Amino acid sequence: MNDFQSRGAAEARAMHLLSEAAGMSVHEIESAGFSTPTARRMCKLSTIYFGPTRFRKQQRQAREEAIRAGHTLDTLQLIESNVAKLADEAYAWKLRRDLCRLAANYRKLRTAARERVEHYNGPREEQPARPRASMSNPPGSLERTIHWTGAESKIAAVWDQVRDHATKNNINESDALFELFSNRGISQAEYTPAVIVSIGDLEAIYGGAGDDVILSATNGARMTGAEFLQQKLTDHGLAMLVSRVHGAVDLYTTQRLASSKQRKMCSLESPTCGVPDCGQGADRCQVNHNVAWSHGGPTNLSNLSMSCPFHNGRLDDDRRQPRNGHLVKHGGLTYHVGPFNGGYTLNDHPTARGGAMRVT
Ligand SMILES: [Zn+2]
């Protein structure tokens with residue numbers, strides 16, 4: 001017998017090895033030439049199969065089965081990792097004997113072990129669904145991903161429809177979802193994001209350079225000019241900037257609430273919250289009075305910026321007691337002013353960079 005064959009034969013005689021190791025410490029097993037992880041394993045397994053137990057008869061039977069089936073240290077270890085999963089320890093020796101009786105084939109043994117553990121543990125209590133959905137918003141990408149969790153039956157039913165639609169129309173599941181949603185008119189009717197396009201960009205887009213132009217929309221998303229063209233123009237309140245408009249909007253100084261027109265213009269100036277690194281789309285923002293209404297700030301476009309509900313609640317109303325800073329506007333650009341250093345910072349979020357005053 002060569003080294004290769006004798007090594008293989010020794011593997012299958014693990015139970016004999018364990019009987020010789022019985023009673024030895026890890027250190028003693030190591031001294032015989034075994035590696036530390038192997039010595040630890042042998043020490044543990046020999047205690048189980050040769051150490052003291054109340055179930056001596058079952059222990060002996062398991063040893064005999066293991067010798068007959070030619071179990072290795074690996075398969076015996078696999079059996080122990082499954083014994084550890086039992087909810088009721090009383091089944092431990094029964095499971096060991098069941099598995100020791102089976103052939104020492106690692107893959108088949110793993111499957112059999114899983115089935116038996118499930119059998120002994122009984123049906124698991126099902127957790128009720130926790131419905132939720134969220135959208136990832138990575139700054140360096142034009143992709144967004146929706147994570148949608150709900151009751152198994154509901155999600156499966158939806159996914160079946162998506163698959164059917166995709167197969168029938170020979171499109172992928174993502175496109176199928178868009179078609180199914182838009183057929184039901186969810187996006188257009190209630191929610192119309194405006195897209196900011198400068199005259200120069202518009203010329204480039206219609207001139208065929210759409211892929212080079214990135215546009216920002218007031219729902220906080222970005223798209224390429226080519227994607228913009230593919231969508232129906234009616235989906236967007238197309239905004240072209242010729243020059244800055246004041247006039248009409250400045251008439252509303254006696255009202256605390258910004259008019260919808262002011263809100264729209266403010267959104268086009270800044271398609272996201274004005275606080276640095278915040279990517280919340282203007283459509284979900286509140287209108288911030290840079291100088292608070294309660295401190296005499298007018299409802300003029302030059303005093304208004306978009307700010308998400310979270311940041312709007314934190315920005316300082318009273319600038320004499322600075323805590324989180326405030327927003328100011330110069331030339332249509334919103335800056336965050338730090339509470340202590342007074343430094344001006346533009347929101348550099350990629351969507352914010354597509355604001356009206358920053359693309360012209
Ligand atoms: Zn914000």
# chains A, B, ... in the order shown; residues from 1 in each chain; ligands from 1
$ residues_near_ligand --ligand "ligand 1" --cutoff "7 Å" --atoms "only C-alpha atoms and all ligand atoms" --output "PyMOL selection string"
chain A and resi 273-275+278-280+307-308+310-311
$ select_by_dssp --residues "stretch 113-214 of chain A" --states "helix (DSSP H, G or I)" --output "NGL selection string"
:A and (113-121 or 152-169 or 173-183 or 186-190 or 199-212)
$ closest_residue --among "A:Gly313, A:Gly220, A:Gly332, A:Pro123" --to "A:Arg284" --atoms "only C-alpha atoms"
A:Gly220
$ closest_residue --among "A:Glu143, A:Glu173, A:Asp277, A:Asp201" --to "A:Met223" --atoms "only C-alpha atoms"
A:Glu143
$ closest_atom_pairs --of "stretch 98-143 of chain A" --to "stretch 63-78 of chain A" --cutoff "7 Å" --atoms "only C-alpha atoms" --output "JSON lines"
{"residue": "A:Cys100", "atom": "CA", "partner": "A:Ala66", "partner_atom": "CA", "distance": 4.7}
{"residue": "A:Arg101", "atom": "CA", "partner": "A:Glu65", "partner_atom": "CA", "distance": 5.0}
{"residue": "A:Leu102", "atom": "CA", "partner": "A:Ala69", "partner_atom": "CA", "distance": 6.5}
{"residue": "A:Ala103", "atom": "CA", "partner": "A:Ala69", "partner_atom": "CA", "distance": 5.2}
{"residue": "A:Ala104", "atom": "CA", "partner": "A:His71", "partner_atom": "CA", "distance": 5.0}
{"residue": "A:Tyr106", "atom": "CA", "partner": "A:Thr75", "partner_atom": "CA", "distance": 6.0}
$ closest_residue --among "A:Gly281, A:Pro339, A:Gly296, A:Gly354" --to "A:Thr224" --atoms "only C-alpha atoms"
A:Gly354
$ residues_around --residues "A:Lys329" --least-positions-apart "4" --cutoff "10 Å" --atoms "only C-alpha atoms" --output "ChimeraX atom specification"
/A:274,290,301-305,333-336
$ residues_around --residues "A:Ser25" --least-positions-apart "5" --cutoff "9 Å" --atoms "only C-alpha atoms" --output "list of chain:residue names"
A:Glu30, A:Ala39, A:Arg40, A:Cys43
$ write_last_selection --atoms "N, CA and C atoms" --output "mmCIF file, in the first residue's frame"
data_model
loop_
_atom_site.group_PDB
_atom_site.id
_atom_site.type_symbol
_atom_site.label_atom_id
_atom_site.label_comp_id
_atom_site.auth_asym_id
_atom_site.auth_seq_id
_atom_site.Cartn_x
_atom_site.Cartn_y
_atom_site.Cartn_z
ATOM 1 N N GLU A 30 -1.894 16.628 19.568
ATOM 2 C CA GLU A 30 -0.983 17.414 18.724
ATOM 3 C C GLU A 30 0.420 16.811 18.733
ATOM 4 N N ALA A 39 -6.597 18.097 15.930
ATOM 5 C CA ALA A 39 -6.497 17.618 17.314
ATOM 6 C C ALA A 39 -7.719 18.058 18.121
ATOM 7 N N ARG A 40 -8.161 19.290 17.910
ATOM 8 C CA ARG A 40 -9.349 19.795 18.625
ATOM 9 C C ARG A 40 -10.573 18.961 18.286
ATOM 10 N N CYS A 43 -10.379 15.474 19.774
ATOM 11 C CA CYS A 43 -10.601 15.513 21.213
ATOM 12 C C CYS A 43 -12.104 15.568 21.508
#
